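Student: What follows is final.txt, made up of compact mmCIF, C-alpha atoms:
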```
# COMPACT_ATOMS: atom_id res chain seq x y z
CA MET A 10 12.73 -83.84 180.82
CA ALA A 11 13.56 -81.04 178.41
CA LEU A 12 11.37 -80.47 175.42
CA SER A 13 12.67 -79.34 172.09
CA SER A 14 10.86 -76.87 169.91
CA GLY A 15 7.60 -78.35 168.60
CA GLN A 16 7.85 -81.51 170.75
CA ALA A 17 4.57 -82.52 172.44
CA SER A 18 4.11 -84.09 175.84
CA LYS A 19 1.13 -85.82 177.40
CA ARG A 20 0.16 -82.62 179.20
CA GLY A 21 0.35 -80.22 176.29
CA SER A 22 2.73 -78.82 173.78
CA LEU A 23 5.29 -76.07 173.76
CA THR A 24 6.43 -74.28 170.68
CA LEU A 25 9.42 -71.97 170.99
CA ALA A 26 10.15 -69.05 168.74
CA PRO A 27 13.70 -68.62 167.51
CA PRO A 28 15.78 -66.32 169.71
CA SER A 29 15.68 -62.67 168.74
CA VAL A 30 17.77 -59.68 169.55
CA ILE A 31 15.98 -57.20 171.75
CA PRO A 32 16.95 -53.73 170.61
CA THR A 33 18.63 -51.57 173.21
CA GLU A 34 18.86 -47.81 173.39
CA ALA A 35 22.43 -47.81 172.15
CA SER A 36 24.31 -50.63 170.54
CA PRO A 37 27.83 -51.13 171.88
CA SER A 38 30.51 -49.14 170.12
CA PRO A 39 33.15 -51.02 168.15
CA ILE A 40 36.43 -51.82 169.84
CA LYS A 41 39.46 -50.61 167.91
CA PRO A 42 43.16 -51.16 168.57
CA VAL A 43 45.67 -48.33 168.96
CA GLN A 44 49.09 -49.64 167.96
CA ILE A 45 52.28 -48.06 169.29
CA THR A 46 55.70 -48.86 167.83
CA VAL A 47 58.80 -47.54 169.60
CA LEU A 48 61.37 -47.28 166.84
CA GLU A 49 64.62 -46.10 168.36
CA GLY A 50 66.42 -44.19 171.08
CA ARG A 51 69.19 -41.69 170.59
CA ASP A 52 71.95 -40.23 172.78
CA LEU A 53 71.40 -42.75 175.57
CA LYS A 54 73.94 -43.19 178.31
CA GLY A 55 73.86 -45.61 181.23
CA VAL A 56 74.84 -45.62 184.88
CA LYS A 57 77.51 -48.28 184.25
CA GLY A 58 78.94 -46.84 181.02
CA ASP A 59 78.22 -45.49 177.58
CA THR A 60 76.91 -48.76 176.09
CA PRO A 61 74.25 -49.95 178.54
CA VAL A 62 71.67 -52.67 178.03
CA THR A 63 68.26 -50.96 178.04
CA TYR A 64 64.59 -51.63 177.45
CA VAL A 65 61.48 -49.47 177.10
CA ARG A 66 58.27 -49.97 179.10
CA ALA A 67 55.04 -48.61 177.60
CA GLU A 68 52.21 -47.61 179.94
CA TYR A 69 48.79 -46.13 179.18
CA ASN A 70 45.92 -45.28 181.53
CA SER A 71 47.77 -46.86 184.51
CA VAL A 72 48.19 -50.17 182.65
CA ILE A 73 51.57 -51.57 181.60
CA LEU A 74 51.26 -52.41 177.91
CA GLY A 75 54.57 -54.25 177.71
CA ASP A 76 58.34 -54.13 177.72
CA SER A 77 60.65 -54.10 174.72
CA PRO A 78 63.41 -56.68 174.45
CA LYS A 79 66.63 -55.81 176.30
CA ILE A 80 68.99 -54.30 173.75
CA ASP A 81 72.58 -53.00 173.88
CA VAL A 82 73.01 -49.30 173.18
CA SER A 83 75.68 -48.74 170.51
CA SER A 84 78.83 -46.75 171.23
CA ASP A 85 77.26 -43.71 169.50
CA GLY A 86 74.32 -43.80 171.96
CA THR A 87 71.65 -45.16 169.59
CA VAL A 88 69.46 -48.22 169.95
CA LYS A 89 66.86 -49.74 167.60
CA TYR A 90 63.96 -50.99 169.74
CA ASN A 91 61.36 -51.74 167.02
CA PHE A 92 58.97 -52.68 169.82
CA THR A 93 55.23 -52.81 169.13
CA THR A 94 52.42 -52.88 171.66
CA SER A 95 48.78 -51.86 171.63
CA PHE A 96 45.68 -51.11 173.63
CA GLU A 97 42.01 -51.15 172.69
CA TYR A 98 39.63 -48.22 172.83
CA ASN A 99 35.92 -47.78 172.34
CA LEU A 100 33.49 -44.98 172.97
CA ASP A 101 32.07 -46.51 176.13
CA GLY A 102 35.00 -48.52 177.53
CA PRO A 103 37.86 -47.90 179.91
CA ASN A 104 39.95 -46.38 177.10
CA SER A 105 37.40 -44.00 175.63
CA LEU A 106 38.04 -41.14 173.24
CA ASP A 107 37.99 -38.83 176.27
CA ASP A 108 40.84 -40.86 177.77
CA ILE A 109 42.85 -40.59 174.55
CA ALA A 110 42.31 -36.83 174.58
CA HIS A 111 43.42 -36.38 178.20
CA LYS A 112 45.78 -39.23 179.11
CA PRO A 113 49.25 -39.54 177.59
CA LEU A 114 51.27 -42.64 176.80
CA PHE A 115 54.33 -43.02 179.06
CA LEU A 116 57.56 -44.60 177.81
CA THR A 117 60.17 -45.38 180.46
CA VAL A 118 63.78 -46.14 179.47
CA THR A 119 65.37 -48.56 181.93
CA GLU A 120 68.96 -49.78 182.15
CA VAL A 121 69.68 -53.39 183.07
CA LEU A 122 72.73 -53.38 185.34
CA PRO A 123 75.37 -56.10 184.94
CA LYS A 124 75.05 -58.90 187.48
CA GLU A 125 77.62 -58.95 190.24
CA LYS A 126 78.99 -62.01 192.02
CA LYS A 127 76.38 -64.01 193.94
CA GLN A 128 73.63 -61.67 192.77
CA LYS A 129 70.46 -63.70 192.23
CA GLU A 130 68.13 -61.16 190.63
CA GLU A 131 68.70 -58.71 187.84
CA LYS A 132 68.92 -55.08 188.95
CA THR A 133 67.54 -52.21 186.90
CA VAL A 134 67.55 -48.44 187.11
CA ALA A 135 65.20 -46.02 185.35
CA LEU A 136 67.10 -43.59 183.15
CA GLY A 137 64.24 -41.37 182.02
CA GLN A 138 60.67 -41.10 180.82
CA ALA A 139 59.00 -39.78 177.67
CA VAL A 140 55.41 -38.55 177.45
CA VAL A 141 53.47 -39.03 174.21
CA ASP A 142 50.32 -37.03 173.47
CA LEU A 143 47.87 -39.19 171.47
CA LEU A 144 45.64 -36.24 170.55
CA PRO A 145 46.65 -36.33 166.84
CA LEU A 146 44.68 -39.59 166.58
CA LEU A 147 41.54 -37.63 167.50
CA GLU A 148 42.33 -34.84 165.09
CA GLY A 149 41.69 -37.03 162.05
CA LEU A 150 45.08 -38.72 161.67
CA CYS A 151 45.04 -42.51 161.39
CA SER A 152 48.72 -42.60 162.31
CA PHE A 153 51.55 -40.26 163.21
CA ARG A 154 55.26 -40.35 163.96
CA ALA A 155 56.92 -38.27 166.62
CA THR A 156 60.25 -37.72 168.30
CA VAL A 157 59.78 -36.97 171.96
CA PRO A 158 62.30 -35.99 174.63
CA VAL A 159 63.22 -38.37 177.41
CA HIS A 160 63.14 -36.53 180.70
CA PRO A 161 65.90 -37.86 182.96
CA VAL A 162 65.07 -39.12 186.43
CA PRO A 163 67.11 -37.44 189.21
CA GLY A 164 70.66 -38.79 189.25
CA SER A 165 70.38 -40.32 185.79
CA PRO A 166 73.38 -40.02 183.45
CA LEU A 167 70.93 -38.54 180.92
CA GLU A 168 70.89 -35.35 183.03
CA SER A 169 74.41 -34.48 181.88
CA LEU A 170 73.83 -34.96 178.13
CA ARG A 171 74.05 -32.07 175.74
CA PRO A 172 70.75 -30.23 175.10
CA ASP A 173 70.28 -31.62 171.57
CA ALA A 174 70.42 -35.29 172.61
CA LYS A 175 67.42 -37.48 171.73
CA VAL A 176 65.89 -40.73 172.99
CA PHE A 177 62.45 -41.60 171.62
CA GLY A 178 61.32 -40.66 168.17
CA ILE A 179 57.73 -40.12 167.07
CA SER A 180 57.83 -37.51 164.34
CA GLN A 181 55.20 -35.11 165.54
CA GLY A 182 57.08 -31.82 165.60
CA HIS A 183 58.21 -31.79 169.23
CA SER A 184 61.31 -29.74 169.92
CA LEU A 185 64.30 -31.90 170.63
CA ASN A 186 65.54 -31.58 174.18
CA ASN A 187 67.92 -34.02 175.86
CA SER A 188 67.63 -37.69 174.91
CA THR A 189 64.75 -38.68 172.63
CA ILE A 190 62.73 -41.68 171.54
CA GLN A 191 61.16 -42.08 168.11
CA LEU A 192 57.84 -43.87 167.77
CA HIS A 193 54.85 -44.46 165.50
CA ALA A 194 51.23 -44.52 166.69
CA ALA A 195 48.32 -45.78 164.59
CA VAL A 196 44.64 -46.64 164.85
```
What would the structure in this file look like if it were written as structure tokens?
Tutor:
Amino acid sequence: MALSSGQASKRGSLTLAPPSVIPTEASPSPIKPVQITVLEGRDLKGVKGDTPVTYVRAEYNSVILGDSPKIDVSSDGTVKYNFTTSFEYNLDGPNSLDDIAHKPLFLTVTEVLPKEKKQKEEKTVALGQAVVDLLPLLEGLCSFRATVPVHPVPGSPLESLRPDAKVFGISQGHSLNNSTIQLHAAV
């Protein structure tokens, strides 16, 4: 039979003190989100034409953070992704400040190929990848925008684009080279 605080039994009594927090050497550091928004892609071209259906996959520290919706690229090669994802960091966790300083965010642009007759599953092909340095978040900025180049994978139609093409944008002062992606990162 369980006894509640202050309850007596025939053999004696037991009085319990309220629970207390035992201090540790270091209290756990707060967990904070890092939010990434992929805004748009520019000068994109697909394997099956100039107006492909594409999506962006965000990956950080070997973890897939998510995929944007599948969106048609316009005839001028632009696409508005407006895709937001996030990851959490803390001083002691798997995404520590050291990780943010040394591990980039990867954004992969993928084309969704049109289904052919009797094809059961959707086929995709990677067009290129952008690398985003998150170091500005450790340099005192709470958020930053940057436009980063998308590096084409071998055989990608992005290889043949003019040198000033862009795919991902995150205004951070990167030189524009090939396709680019624009994005916004914030803590």
Student: Find, counting all atoms listed in the file, the residue in A:Arg66, A:Lys79, A:His160, A:Lys127 that gets nearest to Leu114 of chain A.
Tutor: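 Under the stated criterion, the closest residue is A:Arg66.
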Student: Please tabulate, as a tab-separated table, the residues of segment 73-124 of chain A that come within 9 Å of segment 58-65 of chain A, each with its closest pair of atoms and the distance in Å to one decimal, counting all atoms listed in the file and ordering rows by chain, then residue number upward.
Tutor:
```
residue	atom	partner	partner_atom	distance
A:Gly75	CA	A:Val65	CA	8.4
A:Asp76	CA	A:Val65	CA	5.7
A:Ser77	CA	A:Val65	CA	5.3
A:Pro78	CA	A:Tyr64	CA	6.0
A:Lys79	CA	A:Tyr64	CA	4.8
A:Ile80	CA	A:Val62	CA	5.3
A:Asp81	CA	A:Val62	CA	4.3
A:Val82	CA	A:Thr60	CA	4.9
A:Ser83	CA	A:Thr60	CA	5.7
A:Ser84	CA	A:Thr60	CA	5.6
A:Asp85	CA	A:Thr60	CA	8.3
A:Gly86	CA	A:Thr60	CA	7.0
A:Val88	CA	A:Thr63	CA	8.6
A:Tyr90	CA	A:Tyr64	CA	7.8
A:Phe92	CA	A:Val65	CA	8.3
A:Leu116	CA	A:Val65	CA	6.3
A:Thr117	CA	A:Val65	CA	5.5
A:Val118	CA	A:Val65	CA	4.7
A:Thr119	CA	A:Thr63	CA	5.4
A:Glu120	CA	A:Thr63	CA	4.3
A:Val121	CA	A:Val62	CA	5.5
A:Leu122	CA	A:Val62	CA	7.4
A:Pro123	CA	A:Val62	CA	8.6
```
Student: Write out as AutoDock Vina command-line options an axis-aligned box for segment 67-77 of chain A: all of its atoms listed in the file, 8 Å added on each side, centre and edge lengths in Å with one decimal.
Tutor:
```
--center_x 53.3 --center_y -49.8 --center_z 179.6 --size_x 30.7 --size_y 25.0 --size_z 25.8
```
Student: Using only C-alpha atoms, which of the listed residues (A:Val72, A:Ala110, A:Leu100, A:Val141) sits closest to Phe153 of chain A?
Tutor: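 When distances to Phe153 of chain A are compared using only C-alpha atoms, the smallest one comes from A:Val141.
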Student: Distance atom CA of Gln44 of chain A-atom CA of Phe96 of chain A, one decimal place?
Tutor: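 That distance, rounded to one decimal, is 6.8 Å.
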Student: Which value, in Å to one decimal, gives the distance between atom CA of Pro113 of chain A and atom CA of Lys54 of chain A?
Tutor: 25.0 Å
Student: Counting all atoms listed in the file, which residue out of A:Val157, A:Ala139, A:Leu74, A:Val162 sits closest to Val43 of chain A?
Tutor: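 Of A:Val157, A:Ala139, A:Leu74, A:Val162, the one nearest Val43 of chain A is A:Leu74, counting all atoms listed in the file.
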Student: Tell me which of A:Pro161, A:Lys129, A:Arg154, A:Leu144 sits closest to Leu48 of chain A, counting only C-alpha atoms.
Tutor: A:Arg154
Student: Please reconstruct the missing atoms of segment 117-137 of chain A (target: N, CA, C and O atoms) and return them as a CSV table (one decimal), keeping the file's coordinate frame.
Tutor:
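Now in part_20.csv:
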```csv
chain,number,residue,atom,x,y,z
A,117,THR,N,59.1,-45.5,179.5
A,117,THR,CA,60.2,-45.4,180.5
A,117,THR,C,61.4,-46.2,179.9
A,117,THR,O,61.3,-47.3,179.6
A,118,VAL,N,62.5,-45.5,179.9
A,118,VAL,CA,63.8,-46.1,179.5
A,118,VAL,C,64.5,-46.6,180.7
A,118,VAL,O,64.7,-45.9,181.7
A,119,THR,N,64.8,-47.9,180.8
A,119,THR,CA,65.4,-48.6,181.9
A,119,THR,C,66.7,-49.3,181.5
A,119,THR,O,66.7,-49.9,180.5
A,120,GLU,N,67.7,-49.1,182.4
A,120,GLU,CA,69.0,-49.8,182.2
A,120,GLU,C,69.0,-51.1,183.0
A,120,GLU,O,68.6,-51.1,184.1
A,121,VAL,N,69.5,-52.1,182.4
A,121,VAL,CA,69.7,-53.4,183.1
A,121,VAL,C,71.1,-53.4,183.5
A,121,VAL,O,72.0,-53.4,182.7
A,122,LEU,N,71.4,-53.4,184.8
A,122,LEU,CA,72.7,-53.4,185.3
A,122,LEU,C,73.4,-54.8,185.2
A,122,LEU,O,72.7,-55.8,185.4
A,123,PRO,N,74.7,-54.8,185.0
A,123,PRO,CA,75.4,-56.1,184.9
A,123,PRO,C,75.3,-56.8,186.3
A,123,PRO,O,75.4,-56.2,187.3
A,124,LYS,N,75.1,-58.1,186.2
A,124,LYS,CA,75.0,-58.9,187.5
A,124,LYS,C,76.4,-58.9,188.1
A,124,LYS,O,77.4,-59.1,187.5
A,125,GLU,N,76.4,-58.8,189.5
A,125,GLU,CA,77.6,-59.0,190.2
A,125,GLU,C,77.7,-60.3,190.9
A,125,GLU,O,76.7,-61.1,190.8
A,126,LYS,N,78.8,-60.7,191.4
A,126,LYS,CA,79.0,-62.0,192.0
A,126,LYS,C,77.9,-62.3,193.0
A,126,LYS,O,77.5,-61.4,193.8
A,127,LYS,N,77.4,-63.5,193.0
A,127,LYS,CA,76.4,-64.0,193.9
A,127,LYS,C,75.1,-63.2,193.9
A,127,LYS,O,74.2,-63.4,194.8
A,128,GLN,N,74.9,-62.4,192.9
A,128,GLN,CA,73.6,-61.7,192.8
A,128,GLN,C,72.6,-62.6,192.1
A,128,GLN,O,72.8,-63.1,191.0
A,129,LYS,N,71.5,-62.8,192.8
A,129,LYS,CA,70.5,-63.7,192.2
A,129,LYS,C,69.6,-63.0,191.2
A,129,LYS,O,69.2,-63.6,190.2
A,130,GLU,N,69.1,-61.8,191.5
A,130,GLU,CA,68.1,-61.2,190.6
A,130,GLU,C,68.8,-60.0,189.9
A,130,GLU,O,69.7,-59.4,190.3
A,131,GLU,N,68.2,-59.8,188.7
A,131,GLU,CA,68.7,-58.7,187.8
A,131,GLU,C,68.3,-57.4,188.5
A,131,GLU,O,67.2,-57.2,188.9
A,132,LYS,N,69.2,-56.4,188.4
A,132,LYS,CA,68.9,-55.1,189.0
A,132,LYS,C,68.7,-54.1,187.8
A,132,LYS,O,69.4,-54.2,186.8
A,133,THR,N,67.8,-53.2,187.9
A,133,THR,CA,67.5,-52.2,186.9
A,133,THR,C,67.5,-50.8,187.5
A,133,THR,O,67.3,-50.7,188.7
A,134,VAL,N,67.7,-49.8,186.7
A,134,VAL,CA,67.6,-48.4,187.1
A,134,VAL,C,66.9,-47.6,186.0
A,134,VAL,O,67.3,-47.8,184.8
A,135,ALA,N,65.9,-46.9,186.3
A,135,ALA,CA,65.2,-46.0,185.4
A,135,ALA,C,66.1,-44.9,185.0
A,135,ALA,O,66.7,-44.2,185.8
A,136,LEU,N,66.3,-44.7,183.6
A,136,LEU,CA,67.1,-43.6,183.2
A,136,LEU,C,66.3,-42.3,182.9
A,136,LEU,O,66.7,-41.2,183.1
A,137,GLY,N,65.1,-42.5,182.3
A,137,GLY,CA,64.2,-41.4,182.0
A,137,GLY,C,62.9,-41.8,181.5
A,137,GLY,O,62.6,-43.0,181.3
```
